[in-house]
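Just data-v1.cif here, mmCIF, C-alpha atoms and all ligand atoms:
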```cif
data_work
#
loop_
_atom_site.label_atom_id
_atom_site.label_comp_id
_atom_site.auth_asym_id
_atom_site.auth_seq_id
_atom_site.Cartn_x
_atom_site.Cartn_y
_atom_site.Cartn_z
CA MET A 1 -20.66 36.63 -11.40
CA ARG A 2 -22.04 33.39 -10.03
CA ILE A 3 -19.58 30.53 -9.56
CA SER A 4 -19.95 26.95 -8.39
CA PHE A 5 -17.08 24.79 -7.21
CA ARG A 6 -16.25 22.25 -4.54
CA LEU A 7 -14.58 23.48 -1.36
CA ASN A 8 -13.28 20.87 1.04
CA GLY A 9 -15.63 18.22 -0.28
CA LYS A 10 -18.76 20.38 -0.34
CA ASP A 11 -20.47 22.02 -3.31
CA VAL A 12 -20.53 25.81 -2.98
CA THR A 13 -22.16 28.46 -5.13
CA CYS A 14 -21.48 32.13 -4.56
CA GLU A 15 -21.58 35.56 -6.11
CA ALA A 16 -18.09 36.93 -6.65
CA ARG A 17 -16.39 39.82 -8.41
CA GLU A 18 -14.60 38.60 -11.55
CA ASN A 19 -11.30 40.01 -10.32
CA ILE A 20 -11.38 38.62 -6.79
CA THR A 21 -8.64 36.13 -6.06
CA LEU A 22 -9.30 32.71 -4.61
CA LEU A 23 -7.23 33.83 -1.61
CA ASP A 24 -9.53 36.79 -0.88
CA LEU A 25 -12.61 34.72 -1.60
CA LEU A 26 -11.54 32.05 0.88
CA ARG A 27 -10.40 34.36 3.65
CA GLY A 28 -12.81 37.27 3.17
CA GLU A 29 -16.01 35.62 2.06
CA MET A 30 -15.82 32.01 3.19
CA GLY A 31 -14.04 32.21 6.53
CA VAL A 32 -11.23 29.85 5.54
CA LYS A 33 -8.46 31.34 7.66
CA SER A 34 -5.75 28.68 7.30
CA VAL A 35 -4.97 30.21 3.91
CA LYS A 36 -2.62 33.11 4.65
CA LYS A 37 -1.93 36.31 2.73
CA GLY A 38 1.79 37.00 2.57
CA CYS A 39 3.11 38.66 -0.59
CA ASP A 40 -0.18 38.51 -2.57
CA GLN A 41 1.88 38.15 -5.75
CA GLY A 42 2.84 34.51 -6.08
CA GLU A 43 6.18 34.62 -4.31
CA CYS A 44 5.78 33.21 -0.79
CA GLY A 45 3.43 30.20 -0.90
CA THR A 46 1.60 31.06 2.34
CA CYS A 47 -1.65 31.08 0.34
CA THR A 48 -1.13 27.56 -1.08
CA VAL A 49 -4.24 25.46 -1.62
CA LEU A 50 -4.84 22.30 -3.61
CA LEU A 51 -6.71 22.98 -6.87
CA ASP A 52 -7.91 19.70 -8.35
CA GLY A 53 -5.30 18.10 -6.07
CA SER A 54 -2.29 20.18 -7.11
CA PRO A 55 -0.68 22.92 -5.00
CA VAL A 56 -1.26 26.43 -6.35
CA ASN A 57 -0.86 29.95 -5.04
CA SER A 58 -4.44 31.03 -4.39
CA CYS A 59 -3.43 34.70 -4.73
CA LEU A 60 -2.87 34.03 -8.44
CA ILE A 61 -6.20 32.30 -9.13
CA LEU A 62 -9.19 34.44 -10.09
CA ALA A 63 -12.82 33.59 -9.44
CA PRO A 64 -13.70 32.70 -13.06
CA GLN A 65 -11.01 30.00 -13.00
CA LEU A 66 -12.84 28.15 -10.22
CA GLU A 67 -15.97 27.04 -12.05
CA GLY A 68 -16.37 23.30 -11.59
CA ARG A 69 -13.02 22.89 -9.86
CA GLU A 70 -12.13 21.29 -6.51
CA VAL A 71 -10.40 23.41 -3.86
CA THR A 72 -8.89 21.81 -0.76
CA THR A 73 -7.37 23.49 2.29
CA VAL A 74 -6.09 21.96 5.52
CA GLU A 75 -9.58 22.41 7.00
CA GLY A 76 -10.79 19.79 4.54
CA LEU A 77 -8.08 17.31 5.45
CA GLN A 78 -8.40 17.30 9.23
CA GLU A 79 -9.44 13.65 9.31
CA ASP A 80 -7.01 12.61 6.58
CA PRO A 81 -4.35 10.22 7.97
CA LEU A 82 -1.62 11.58 5.69
CA LEU A 83 -2.23 15.19 6.74
CA ARG A 84 -2.48 14.17 10.40
CA GLY A 85 0.80 12.28 10.16
CA LEU A 86 2.45 15.32 8.60
CA VAL A 87 1.17 17.59 11.38
CA GLU A 88 2.50 15.22 14.04
CA SER A 89 5.86 15.02 12.28
CA PHE A 90 6.06 18.81 11.97
CA ILE A 91 5.39 19.17 15.69
CA SER A 92 7.86 16.51 16.80
CA ALA A 93 10.62 17.73 14.47
CA GLY A 94 10.26 21.34 15.62
CA ALA A 95 9.26 22.40 12.11
CA ILE A 96 6.75 25.02 13.28
CA GLN A 97 7.68 28.33 14.86
CA CYS A 98 5.30 31.22 14.12
CA GLY A 99 3.19 28.88 11.98
CA PHE A 100 2.42 31.41 9.25
CA CYS A 101 3.89 29.24 6.50
CA THR A 102 2.69 25.95 7.98
CA PRO A 103 -0.70 25.36 6.27
CA GLY A 104 0.77 26.01 2.84
CA MET A 105 3.85 23.98 3.63
CA LEU A 106 1.68 21.08 4.80
CA LEU A 107 -0.35 21.12 1.58
CA SER A 108 2.75 21.07 -0.62
CA ALA A 109 4.14 18.20 1.47
CA TYR A 110 0.77 16.44 1.36
CA ALA A 111 0.66 16.55 -2.45
CA LEU A 112 4.21 15.19 -2.61
CA LEU A 113 3.68 12.27 -0.23
CA ARG A 114 0.28 11.40 -1.71
CA ASP A 115 2.05 10.75 -5.03
CA ASN A 116 5.43 9.58 -3.75
CA SER A 117 5.65 7.88 -0.36
CA ASN A 118 9.45 7.57 -0.52
CA PRO A 119 10.86 10.91 -1.68
CA SER A 120 14.52 11.84 -1.47
CA ALA A 121 15.57 14.94 0.47
CA ASP A 122 16.05 16.72 -2.86
CA GLU A 123 12.54 15.81 -3.96
CA VAL A 124 11.19 17.18 -0.68
CA LYS A 125 13.14 20.41 -1.18
CA ARG A 126 11.81 20.74 -4.71
CA ALA A 127 8.23 20.17 -3.53
CA ILE A 128 8.44 23.04 -1.03
CA VAL A 129 10.55 25.37 -3.15
CA GLY A 130 7.62 27.77 -3.50
CA ASN A 131 6.88 27.87 0.23
CA LEU A 132 8.98 30.41 2.09
CA CYS A 133 9.60 30.14 5.83
CA ARG A 134 11.14 33.09 7.60
CA CYS A 135 11.60 31.23 10.91
CA THR A 136 12.86 27.68 10.74
CA GLY A 137 15.64 27.60 8.15
CA TYR A 138 13.92 24.64 6.42
CA VAL A 139 16.12 21.88 7.91
CA ASN A 140 13.48 20.73 10.37
CA ILE A 141 10.72 21.05 7.78
CA VAL A 142 12.55 18.74 5.38
CA LYS A 143 13.25 16.36 8.28
CA ALA A 144 9.56 16.40 9.27
CA ILE A 145 8.42 15.54 5.76
CA LEU A 146 10.95 12.72 5.47
CA ASN A 147 9.87 11.42 8.90
CA ALA A 148 6.25 11.52 7.78
CA SER A 149 7.10 9.53 4.65
CA GLU A 150 8.78 6.88 6.83
CA ARG A 151 5.69 6.66 9.00
CA ILE A 152 3.50 6.11 5.95
CA ARG A 153 5.72 3.30 4.72
CA ASP A 154 5.75 1.67 8.20
CA GLU A 155 1.96 1.65 8.46
S1 LIG B 1 0.33 35.31 -0.77
FE1 LIG B 1 0.20 34.06 -2.52
S2 LIG B 1 2.24 33.48 -2.97
FE2 LIG B 1 2.42 34.93 -1.33
S1 LIG B 2 7.30 28.91 10.93
FE1 LIG B 2 7.27 31.10 10.75
S2 LIG B 2 7.28 31.41 8.60
FE2 LIG B 2 7.57 29.31 8.80
#
```
Let me see the structure of the file written as structure tokens.
Amino acid sequence: MRISFRLNGKDVTCEARENITLLDLLRGEMGVKSVKKGCDQGECGTCTVLLDGSPVNSCLILAPQLEGREVTTVEGLQEDPLLRGLVESFISAGAIQCGFCTPGMLLSAYALLRDNSNPSADEVKRAIVGNLCRCTGYVNIVKAILNASERIRDE
């Protein structure tokens, strides 16, 4: 089938199998490698992207669902001050170890802080509940997101 959608601010049209997931489309056909394949069944959040601005597991989205939609990955937010602030906070708080969960974690945090610049620790935890990290134990990730929210409010 032929589908047209926006990917990181650009219109794209491609031929895709009806049963291909957005995750496989991005990684296999479009070279978007920040989006990681972990469980491939909606459990780990490493494949998180923003679909029309909301975090979703791209392994659960099929090609026909993309028509006319807007998909954003960290590649599309490299110049975005909020994403950049989050990356800096993750680095300084020691919230990245192997980095496998990081792009998805950043997108969930991005969506939270875009809509709420002063979240509580519980709100941060709820926002990343679908993003598993096997390395850090989450404490530094929550700290990084709270630090990033402070930076936004100070700017
Ligand atoms: S790869 Fe999609 S949720 Fe794990
Ligand atoms: S830093 Fe390794 S999975 Fe999160």
Which residues are close to Arg2 in chain A, i.e. within 12 Å by all atoms listed in the file, leaving aside same-chain residues fewer than 5 positions away? Reply as a PyMOL selection string. chain A and resi 12-18+63-68
Please produce an output containing C-alpha atoms for each residue in the selection, written as a PDB file, keeping the file's coordinate frame.
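The new file part.pdb reads:
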```pdb
ATOM      1  CA  VAL A  12     -20.530  25.810  -2.980  1.00  0.00           C
ATOM      2  CA  THR A  13     -22.160  28.460  -5.130  1.00  0.00           C
ATOM      3  CA  CYS A  14     -21.480  32.130  -4.560  1.00  0.00           C
ATOM      4  CA  GLU A  15     -21.580  35.560  -6.110  1.00  0.00           C
ATOM      5  CA  ALA A  16     -18.090  36.930  -6.650  1.00  0.00           C
ATOM      6  CA  ARG A  17     -16.390  39.820  -8.410  1.00  0.00           C
ATOM      7  CA  GLU A  18     -14.600  38.600 -11.550  1.00  0.00           C
ATOM      8  CA  ALA A  63     -12.820  33.590  -9.440  1.00  0.00           C
ATOM      9  CA  PRO A  64     -13.700  32.700 -13.060  1.00  0.00           C
ATOM     10  CA  GLN A  65     -11.010  30.000 -13.000  1.00  0.00           C
ATOM     11  CA  LEU A  66     -12.840  28.150 -10.220  1.00  0.00           C
ATOM     12  CA  GLU A  67     -15.970  27.040 -12.050  1.00  0.00           C
ATOM     13  CA  GLY A  68     -16.370  23.300 -11.590  1.00  0.00           C
TER      14      GLY A  68
END
```
Show me which residues sit within 10 Å of ligand LIG 2 (chain B) when counting all atoms listed in the file, and put them as an mmCIF file with C-alpha atoms, in the coordinates of the input.
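Output contents, as saved in pocket.cif:
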```
data_model
loop_
_atom_site.group_PDB
_atom_site.id
_atom_site.type_symbol
_atom_site.label_atom_id
_atom_site.label_comp_id
_atom_site.auth_asym_id
_atom_site.auth_seq_id
_atom_site.Cartn_x
_atom_site.Cartn_y
_atom_site.Cartn_z
ATOM 1 C CA GLY A 38 1.790 37.000 2.570
ATOM 2 C CA CYS A 44 5.780 33.210 -0.790
ATOM 3 C CA THR A 46 1.600 31.060 2.340
ATOM 4 C CA GLY A 94 10.260 21.340 15.620
ATOM 5 C CA ALA A 95 9.260 22.400 12.110
ATOM 6 C CA ILE A 96 6.750 25.020 13.280
ATOM 7 C CA GLN A 97 7.680 28.330 14.860
ATOM 8 C CA CYS A 98 5.300 31.220 14.120
ATOM 9 C CA GLY A 99 3.190 28.880 11.980
ATOM 10 C CA PHE A 100 2.420 31.410 9.250
ATOM 11 C CA CYS A 101 3.890 29.240 6.500
ATOM 12 C CA THR A 102 2.690 25.950 7.980
ATOM 13 C CA PRO A 103 -0.700 25.360 6.270
ATOM 14 C CA GLY A 104 0.770 26.010 2.840
ATOM 15 C CA MET A 105 3.850 23.980 3.630
ATOM 16 C CA ASN A 131 6.880 27.870 0.230
ATOM 17 C CA LEU A 132 8.980 30.410 2.090
ATOM 18 C CA CYS A 133 9.600 30.140 5.830
ATOM 19 C CA ARG A 134 11.140 33.090 7.600
ATOM 20 C CA CYS A 135 11.600 31.230 10.910
ATOM 21 C CA THR A 136 12.860 27.680 10.740
ATOM 22 C CA GLY A 137 15.640 27.600 8.150
ATOM 23 C CA TYR A 138 13.920 24.640 6.420
ATOM 24 C CA ILE A 141 10.720 21.050 7.780
#
```
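With all atoms listed in the file as the basis for measurement, A:Thr48 is the residue among A:Ser34, A:Thr48, A:Asn19, A:Ser4 that approaches ligand LIG 1 (chain B) most closely.
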Just want the residues within 9 Å of ligand LIG 1 (chain B), written as a VMD selection string, counting all atoms listed in the file. chain A and resid 23 35 to 48 56 to 60 130 to 132
Can you list, as a ChimeraX atom specification, every protein, DNA or RNA residue that comes within 10 Å of Lys143 in chain A when you count only C-alpha atoms, leaving out same-chain residues fewer than 6 positions away? /A:89-90,93-95,121,124,149
Here CA of Ile128 in chain A and CA of Gly31 in chain A stand apart by 25.4 Å
Mind giving me the axis-aligned box for range 4-10 of chain A with 5 Å on every side, centre plus edges in Å to one decimal, as JSON?
```
{"center_x": -16.6, "center_y": 22.6, "center_z": -3.7, "size_x": 16.7, "size_y": 18.7, "size_z": 19.4}
```
With all atoms listed in the file as the basis for distance, which of A:Met1, A:Ala148, A:Leu7, A:Ala111 is at the shortest distance from Val87 in chain A? A:Ala148
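The protein and nucleic acid residues lying at most 12 Å from Arg153 in chain A are Leu82, Gly85, Leu113, Arg114, Asn116, Ser117, Asn118, Pro119, Leu146, Asn147 and Ala148 of chain A, with all atoms listed in the file considered and sequence neighbours fewer than 5 positions away removed.
The residue that comes closest to Gln78 in chain A, out of A:Arg27, A:Arg151, A:Gly9, A:Ala144 and on the basis of all atoms listed in the file, is A:Gly9.
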Restricting to only C-alpha atoms, whichever of A:Glu155, A:Glu150, A:Lys10, A:Ser108 is closest to Ser120 in chain A is A:Glu150
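Comparing the minimum interatomic distances between Leu26 in chain A and each of A:Leu86, A:Glu75, A:Asp52, A:Asp122, counting all atoms listed in the file, we find that A:Glu75 sits nearest.
For the residues A:Ile20, A:Val32, A:Leu25, A:Leu107, ranking by smallest atom-to-atom distance to Leu50 in chain A using all atoms listed in the file places A:Leu107 first.
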To one decimal in Å, tell me the separation between CA of Leu62 in chain A and CA of Gly76 in chain A. 20.8 Å
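In this model, the gap between CA of Ile145 in chain A and CA of Ser92 in chain A comes to 11.1 Å.
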Could you add whatever atoms are missing so that range 111-142 of chain A carries N, CA and C atoms, then write the result as a PDB file, keeping the file's coordinate frame?
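Result saved to out.pdb:
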```
ATOM      1  N   ALA A 111       0.750  16.912  -1.026  1.00  0.00           N
ATOM      2  CA  ALA A 111       0.660  16.550  -2.450  1.00  0.00           C
ATOM      3  C   ALA A 111       1.859  15.687  -2.851  1.00  0.00           C
ATOM      4  N   LEU A 112       3.032  15.999  -2.297  1.00  0.00           N
ATOM      5  CA  LEU A 112       4.210  15.190  -2.610  1.00  0.00           C
ATOM      6  C   LEU A 112       4.032  13.758  -2.107  1.00  0.00           C
ATOM      7  N   LEU A 113       3.719  13.617  -0.807  1.00  0.00           N
ATOM      8  CA  LEU A 113       3.680  12.270  -0.230  1.00  0.00           C
ATOM      9  C   LEU A 113       2.488  11.448  -0.737  1.00  0.00           C
ATOM     10  N   ARG A 114       1.429  12.118  -1.126  1.00  0.00           N
ATOM     11  CA  ARG A 114       0.280  11.400  -1.710  1.00  0.00           C
ATOM     12  C   ARG A 114       0.722  10.679  -2.989  1.00  0.00           C
ATOM     13  N   ASP A 115       1.629  11.326  -3.744  1.00  0.00           N
ATOM     14  CA  ASP A 115       2.050  10.750  -5.030  1.00  0.00           C
ATOM     15  C   ASP A 115       3.359   9.982  -4.945  1.00  0.00           C
ATOM     16  N   ASN A 116       4.111  10.208  -3.879  1.00  0.00           N
ATOM     17  CA  ASN A 116       5.430   9.580  -3.750  1.00  0.00           C
ATOM     18  C   ASN A 116       5.710   9.367  -2.267  1.00  0.00           C
ATOM     19  N   SER A 117       5.523   8.135  -1.805  1.00  0.00           N
ATOM     20  CA  SER A 117       5.650   7.880  -0.360  1.00  0.00           C
ATOM     21  C   SER A 117       7.111   7.718   0.067  1.00  0.00           C
ATOM     22  N   ASN A 118       8.032   7.747  -0.881  1.00  0.00           N
ATOM     23  CA  ASN A 118       9.450   7.570  -0.520  1.00  0.00           C
ATOM     24  C   ASN A 118      10.327   8.603  -1.233  1.00  0.00           C
ATOM     25  N   PRO A 119      10.078   9.884  -0.963  1.00  0.00           N
ATOM     26  CA  PRO A 119      10.860  10.910  -1.680  1.00  0.00           C
ATOM     27  C   PRO A 119      12.261  11.039  -1.115  1.00  0.00           C
ATOM     28  N   SER A 120      13.179  11.484  -1.950  1.00  0.00           N
ATOM     29  CA  SER A 120      14.520  11.840  -1.470  1.00  0.00           C
ATOM     30  C   SER A 120      14.450  13.230  -0.834  1.00  0.00           C
ATOM     31  N   ALA A 121      15.516  13.592  -0.123  1.00  0.00           N
ATOM     32  CA  ALA A 121      15.570  14.940   0.470  1.00  0.00           C
ATOM     33  C   ALA A 121      15.475  15.994  -0.630  1.00  0.00           C
ATOM     34  N   ASP A 122      16.112  15.740  -1.772  1.00  0.00           N
ATOM     35  CA  ASP A 122      16.050  16.720  -2.860  1.00  0.00           C
ATOM     36  C   ASP A 122      14.624  16.856  -3.408  1.00  0.00           C
ATOM     37  N   GLU A 123      13.929  15.735  -3.481  1.00  0.00           N
ATOM     38  CA  GLU A 123      12.540  15.810  -3.960  1.00  0.00           C
ATOM     39  C   GLU A 123      11.673  16.588  -2.972  1.00  0.00           C
ATOM     40  N   VAL A 124      11.934  16.408  -1.688  1.00  0.00           N
ATOM     41  CA  VAL A 124      11.190  17.180  -0.680  1.00  0.00           C
ATOM     42  C   VAL A 124      11.487  18.664  -0.859  1.00  0.00           C
ATOM     43  N   LYS A 125      12.769  18.990  -1.024  1.00  0.00           N
ATOM     44  CA  LYS A 125      13.140  20.410  -1.180  1.00  0.00           C
ATOM     45  C   LYS A 125      12.477  21.009  -2.408  1.00  0.00           C
ATOM     46  N   ARG A 126      12.441  20.228  -3.483  1.00  0.00           N
ATOM     47  CA  ARG A 126      11.810  20.740  -4.710  1.00  0.00           C
ATOM     48  C   ARG A 126      10.310  20.967  -4.498  1.00  0.00           C
ATOM     49  N   ALA A 127       9.686  20.061  -3.729  1.00  0.00           N
ATOM     50  CA  ALA A 127       8.230  20.170  -3.530  1.00  0.00           C
ATOM     51  C   ALA A 127       7.865  21.421  -2.731  1.00  0.00           C
ATOM     52  N   ILE A 128       8.773  21.873  -1.861  1.00  0.00           N
ATOM     53  CA  ILE A 128       8.440  23.040  -1.030  1.00  0.00           C
ATOM     54  C   ILE A 128       9.195  24.291  -1.476  1.00  0.00           C
ATOM     55  N   VAL A 129       9.731  24.242  -2.697  1.00  0.00           N
ATOM     56  CA  VAL A 129      10.550  25.370  -3.150  1.00  0.00           C
ATOM     57  C   VAL A 129       9.749  26.677  -3.210  1.00  0.00           C
ATOM     58  N   GLY A 130       8.439  26.563  -3.419  1.00  0.00           N
ATOM     59  CA  GLY A 130       7.620  27.770  -3.500  1.00  0.00           C
ATOM     60  C   GLY A 130       7.062  28.236  -2.167  1.00  0.00           C
ATOM     61  N   ASN A 131       7.404  27.528  -1.091  1.00  0.00           N
ATOM     62  CA  ASN A 131       6.880  27.870   0.230  1.00  0.00           C
ATOM     63  C   ASN A 131       7.989  28.465   1.073  1.00  0.00           C
ATOM     64  N   LEU A 132       7.925  29.754   1.307  1.00  0.00           N
ATOM     65  CA  LEU A 132       8.980  30.410   2.090  1.00  0.00           C
ATOM     66  C   LEU A 132       8.661  30.331   3.585  1.00  0.00           C
ATOM     67  N   CYS A 133       9.728  30.136   4.371  1.00  0.00           N
ATOM     68  CA  CYS A 133       9.600  30.140   5.830  1.00  0.00           C
ATOM     69  C   CYS A 133      10.645  31.098   6.376  1.00  0.00           C
ATOM     70  N   ARG A 134      10.184  32.096   7.099  1.00  0.00           N
ATOM     71  CA  ARG A 134      11.140  33.090   7.600  1.00  0.00           C
ATOM     72  C   ARG A 134      11.706  32.694   8.952  1.00  0.00           C
ATOM     73  N   CYS A 135      11.209  31.574   9.531  1.00  0.00           N
ATOM     74  CA  CYS A 135      11.600  31.230  10.910  1.00  0.00           C
ATOM     75  C   CYS A 135      12.563  30.053  11.006  1.00  0.00           C
ATOM     76  N   THR A 136      12.254  28.951  10.337  1.00  0.00           N
ATOM     77  CA  THR A 136      12.860  27.680  10.740  1.00  0.00           C
ATOM     78  C   THR A 136      14.155  27.341  10.021  1.00  0.00           C
ATOM     79  N   GLY A 137      14.432  27.970   8.881  1.00  0.00           N
ATOM     80  CA  GLY A 137      15.640  27.600   8.150  1.00  0.00           C
ATOM     81  C   GLY A 137      15.485  26.314   7.353  1.00  0.00           C
ATOM     82  N   TYR A 138      14.276  25.762   7.302  1.00  0.00           N
ATOM     83  CA  TYR A 138      13.920  24.640   6.420  1.00  0.00           C
ATOM     84  C   TYR A 138      14.446  23.260   6.852  1.00  0.00           C
ATOM     85  N   VAL A 139      15.535  23.201   7.608  1.00  0.00           N
ATOM     86  CA  VAL A 139      16.120  21.880   7.910  1.00  0.00           C
ATOM     87  C   VAL A 139      15.099  20.995   8.618  1.00  0.00           C
ATOM     88  N   ASN A 140      14.439  21.541   9.618  1.00  0.00           N
ATOM     89  CA  ASN A 140      13.480  20.730  10.370  1.00  0.00           C
ATOM     90  C   ASN A 140      12.214  20.428   9.561  1.00  0.00           C
ATOM     91  N   ILE A 141      11.900  21.314   8.628  1.00  0.00           N
ATOM     92  CA  ILE A 141      10.720  21.050   7.780  1.00  0.00           C
ATOM     93  C   ILE A 141      11.012  19.862   6.861  1.00  0.00           C
ATOM     94  N   VAL A 142      12.184  19.869   6.249  1.00  0.00           N
ATOM     95  CA  VAL A 142      12.550  18.740   5.380  1.00  0.00           C
ATOM     96  C   VAL A 142      12.602  17.453   6.209  1.00  0.00           C
TER      97      VAL A 142
END
```
